[in-house]
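Engineer: This is the structure, below, for whatever I ask next.
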Amino acid sequence: VAFTKLPDASYVTDKARESFETTAKVDNPAAIDILNSQFAGLAPQLRVGLSATVSDKPCGGCKFMRPFCDARSKQCVVPNCTTVLPYCDAANSTGRLSRAFCPKSCGCEFPLSPLALSLPSWGCAAIDTAGSYQEHLAALPCEDVSPAPRDAYAISYDDRLRESENETRWSLWLKFLDKFEEASRTMPLEEAKQERLDIKYLRRYGCERGGRA
């Protein structure tokens with residue numbers, strides 16, 4: 001029987017002190033949809049870790065080979081980035097891990113994504129330095145989002161977005177605010193109250209007259 005030497009106790013202590021952002025960057029440094037990658041050596045362990053954040057009671061208990069309880073189908077499955085899509089907006093451990101392991105599917109890599117919980121601490125850890133995110137960011141118009149863009153490039157950008165996604169920057173902005181309002185329900189009472197007030201004015205006026213004075 002072969003035995004594996006346990007790591008030094010300081011390693012365990014250091015990992016326990018590590019922020020979620022740091023851990024996510026270590027586990028998924030390329031900011032890819034790692035649960036869909038057959039070349040990701042850690043993917044099986046990550047799937048088990050993600051599955052542990054979801055109750056398997058609706059499925060009658062799940063085994064190691066199919067550890068994730070899909071609440072919609074009530075079936076035990078091997079989780080992938082399609083499976084976790086319903087959790088992309090969740091402000092809990094399942095949502096945070098879903099964004100960390102499936103940043104592309106959850107919308108982390110697109111600056112105009114409706115995803116509200118897109119900060120590194122919420123799971124989109126390595127995305128700010130990812131090439132695709134930077135490409136999208138560089139292509140954005142240098143004009144605040146509004147119902148009626150004035151800049152010629154902003155108008156052209158919205159036209160292309162409308163053709164490809166049936167959206168505009170303004171429509172995506174409103175969807176983002178909807179998600180943000182939903183996420184604010186998990187905040188402390190006073191902070192949530194202020195955020196909802198900001199959202200009210202941002203939804204009506206955009207960046208020019210919205211937000212805190």
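The way I read the labels, and the way they are meant: chains A, B, ... in the order of the structure tokens, residue 1 as the first residue of every chain, and ligand 1 as the first ligand shown, with later ones counted on from there.
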Any chance you could tabulate, as CSV, the residues of range 80-162 of chain A at most 10 Å from range 20-35 of chain A with each one's nearest atom pair and distance in Å to one decimal, using only C-alpha atoms, in chain and rising number order?
Structural biologist:
```
residue,atom,partner,partner_atom,distance
A:Asn80,CA,A:Leu35,CA,5.1
A:Cys81,CA,A:Leu35,CA,6.0
A:Thr82,CA,A:Leu35,CA,9.4
A:Thr83,CA,A:Leu35,CA,9.9
A:Val84,CA,A:Leu35,CA,9.7
A:Arg96,CA,A:Phe20,CA,9.0
A:Leu97,CA,A:Ala24,CA,8.3
A:Ser98,CA,A:Leu35,CA,9.2
A:Arg99,CA,A:Asp33,CA,9.0
A:Ala100,CA,A:Ala24,CA,5.9
A:Phe101,CA,A:Ile34,CA,5.4
A:Cys102,CA,A:Asp33,CA,4.1
A:Pro103,CA,A:Asp33,CA,6.0
A:Lys104,CA,A:Asp33,CA,6.0
A:Ser105,CA,A:Asp33,CA,6.9
A:Cys106,CA,A:Asp33,CA,9.1
A:Cys108,CA,A:Ala31,CA,9.1
A:Glu109,CA,A:Ala31,CA,8.5
A:Leu119,CA,A:Glu21,CA,9.2
A:Pro120,CA,A:Glu21,CA,5.6
A:Ser121,CA,A:Glu21,CA,5.1
A:Trp122,CA,A:Glu21,CA,7.6
A:Gly123,CA,A:Glu21,CA,6.6
A:Cys124,CA,A:Glu21,CA,8.0
A:Ala125,CA,A:Glu21,CA,5.3
A:Ala126,CA,A:Lys25,CA,5.5
A:Ile127,CA,A:Ala31,CA,5.8
A:Asp128,CA,A:Ala31,CA,9.3
A:Thr129,CA,A:Ala31,CA,8.9
A:Ala130,CA,A:Ala31,CA,6.7
A:Gly131,CA,A:Ala30,CA,9.4
A:Ser132,CA,A:Ala31,CA,9.9
```
Engineer: Might you pull out every residue within 12 Å of Cys59 in chain A, with only C-alpha atoms counted and same-chain residues fewer than 6 positions away left off, and present them as a list in words?
Structural biologist: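 Neighbouring residues, sequence-local ones excluded: Arg66, Pro67, Phe68, Cys69, Asp70, Ala71, Arg72, Ser73, Lys74, Gln75, Cys76 and Val77 of chain A.
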Engineer: Can you tell me how far CA of Phe180 in chain A sits from CA of Ala116 in chain A, in Å to one decimal?
Structural biologist: 5.0 Å
Engineer: Could you check which of A:Tyr153, A:Ile199, A:Pro114, A:Pro141 is closest to Ser171 in chain A, using only C-alpha atoms?
Structural biologist: A:Pro114
Engineer: Excluding Thr53 in chain A and any residue of its chain fewer than 3 positions from it, enumerate the residues within 8 Å of it, using only C-alpha atoms, and give them as a list in words.
Structural biologist: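 So, after excluding close chain neighbours, the residues are Gly49, Leu50, Ser93 and Thr94 of chain A.
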Engineer: Would you give me, as an NGL selection string, the residues in chain A that DSSP reads as strand (DSSP E or B)?
Structural biologist: :A and (68-70 or 75-77)
Engineer: Please, which residues of range 11-152 of chain A, numbered as in this document, come out helix (DSSP H, G or I) from DSSP, as number ranges by chain?
Structural biologist: A: 11-17, 20-27, 34-36, 43-51, 57-59, 85-87, 93-101, 103-106, 120-122, 127-129, 131-139, 152
Engineer: Could you turn the residues from that selection into a file that holds C-alpha atoms, as an mmCIF file, in the first residue's frame?
Structural biologist:
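The file below, out27.cif, is the result:
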```
data_model
loop_
_atom_site.group_PDB
_atom_site.id
_atom_site.type_symbol
_atom_site.label_atom_id
_atom_site.label_comp_id
_atom_site.auth_asym_id
_atom_site.auth_seq_id
_atom_site.Cartn_x
_atom_site.Cartn_y
_atom_site.Cartn_z
ATOM 1 C CA TYR A 11 0.408 24.937 3.778
ATOM 2 C CA VAL A 12 -3.094 24.144 5.047
ATOM 3 C CA THR A 13 -3.086 27.273 7.211
ATOM 4 C CA ASP A 14 -1.934 29.473 4.325
ATOM 5 C CA LYS A 15 -4.621 28.082 2.022
ATOM 6 C CA ALA A 16 -7.262 28.736 4.674
ATOM 7 C CA ARG A 17 -6.179 32.391 4.838
ATOM 8 C CA PHE A 20 -11.466 33.486 -2.729
ATOM 9 C CA GLU A 21 -10.156 35.738 -5.506
ATOM 10 C CA THR A 22 -6.646 34.328 -5.143
ATOM 11 C CA THR A 23 -7.895 30.748 -5.018
ATOM 12 C CA ALA A 24 -9.991 31.256 -8.163
ATOM 13 C CA LYS A 25 -6.992 32.695 -10.020
ATOM 14 C CA VAL A 26 -4.888 29.696 -9.028
ATOM 15 C CA ASP A 27 -7.567 27.163 -10.018
ATOM 16 C CA ILE A 34 -12.851 25.080 -17.025
ATOM 17 C CA LEU A 35 -15.731 22.696 -16.298
ATOM 18 C CA ASN A 36 -16.074 22.178 -20.054
ATOM 19 C CA ALA A 43 -11.750 19.710 -13.274
ATOM 20 C CA PRO A 44 -12.931 16.542 -11.444
ATOM 21 C CA GLN A 45 -11.998 18.012 -8.059
ATOM 22 C CA LEU A 46 -13.586 21.348 -8.957
ATOM 23 C CA ARG A 47 -16.804 19.605 -9.975
ATOM 24 C CA VAL A 48 -16.960 17.797 -6.649
ATOM 25 C CA GLY A 49 -16.268 21.028 -4.754
ATOM 26 C CA LEU A 50 -19.019 22.865 -6.655
ATOM 27 C CA SER A 51 -21.451 19.984 -6.158
ATOM 28 C CA LYS A 57 -31.827 15.808 -1.400
ATOM 29 C CA PRO A 58 -34.110 16.672 -4.380
ATOM 30 C CA CYS A 59 -32.257 13.949 -6.314
ATOM 31 C CA LEU A 85 -26.077 28.676 -15.785
ATOM 32 C CA PRO A 86 -29.044 29.090 -13.382
ATOM 33 C CA TYR A 87 -26.542 29.843 -10.608
ATOM 34 C CA SER A 93 -21.135 29.788 -2.699
ATOM 35 C CA THR A 94 -22.696 27.983 -5.660
ATOM 36 C CA GLY A 95 -22.924 31.208 -7.646
ATOM 37 C CA ARG A 96 -19.399 32.279 -6.764
ATOM 38 C CA LEU A 97 -17.924 28.943 -7.845
ATOM 39 C CA SER A 98 -20.073 28.892 -10.994
ATOM 40 C CA ARG A 99 -18.628 32.249 -12.044
ATOM 41 C CA ALA A 100 -15.089 31.185 -11.138
ATOM 42 C CA PHE A 101 -15.257 27.917 -13.106
ATOM 43 C CA PRO A 103 -16.590 32.852 -16.438
ATOM 44 C CA LYS A 104 -17.371 32.929 -20.157
ATOM 45 C CA SER A 105 -20.774 31.238 -19.865
ATOM 46 C CA CYS A 106 -21.731 33.390 -16.871
ATOM 47 C CA PRO A 120 -13.116 39.335 -8.684
ATOM 48 C CA SER A 121 -14.289 38.724 -5.111
ATOM 49 C CA TRP A 122 -17.560 37.366 -6.527
ATOM 50 C CA ILE A 127 -11.135 38.031 -16.087
ATOM 51 C CA ASP A 128 -9.845 41.626 -15.919
ATOM 52 C CA THR A 129 -6.557 40.505 -17.445
ATOM 53 C CA GLY A 131 -7.523 38.921 -23.589
ATOM 54 C CA SER A 132 -11.162 38.656 -24.635
ATOM 55 C CA TYR A 133 -12.315 41.003 -21.861
ATOM 56 C CA GLN A 134 -9.697 43.581 -22.814
ATOM 57 C CA GLU A 135 -10.677 43.330 -26.486
ATOM 58 C CA HIS A 136 -14.339 43.956 -25.671
ATOM 59 C CA LEU A 137 -13.382 46.811 -23.356
ATOM 60 C CA ALA A 138 -11.190 48.489 -25.988
ATOM 61 C CA ALA A 139 -14.054 48.354 -28.506
ATOM 62 C CA ALA A 152 -21.409 58.548 -34.062
#
```
Engineer: Between A:Glu165, A:Leu117, A:Pro79, A:Glu190, which has the minimum distance to Asn92 in chain A (counting only C-alpha atoms)?
Structural biologist: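 Of A:Glu165, A:Leu117, A:Pro79, A:Glu190, the one nearest Asn92 in chain A is A:Leu117, counting only C-alpha atoms.
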Engineer: Using only C-alpha atoms for the distances, tell me which of A:Arg196, A:Arg169, A:Arg185, A:Arg203 is nearest to Leu112 in chain A.
Structural biologist: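 Distance minimum relative to Leu112 in chain A lands on A:Arg169.
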Engineer: Work out how far CA of Cys207 in chain A is from CA of Leu177 in chain A, in Å to one decimal.
Structural biologist: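 These atoms are spaced 12.0 Å apart.
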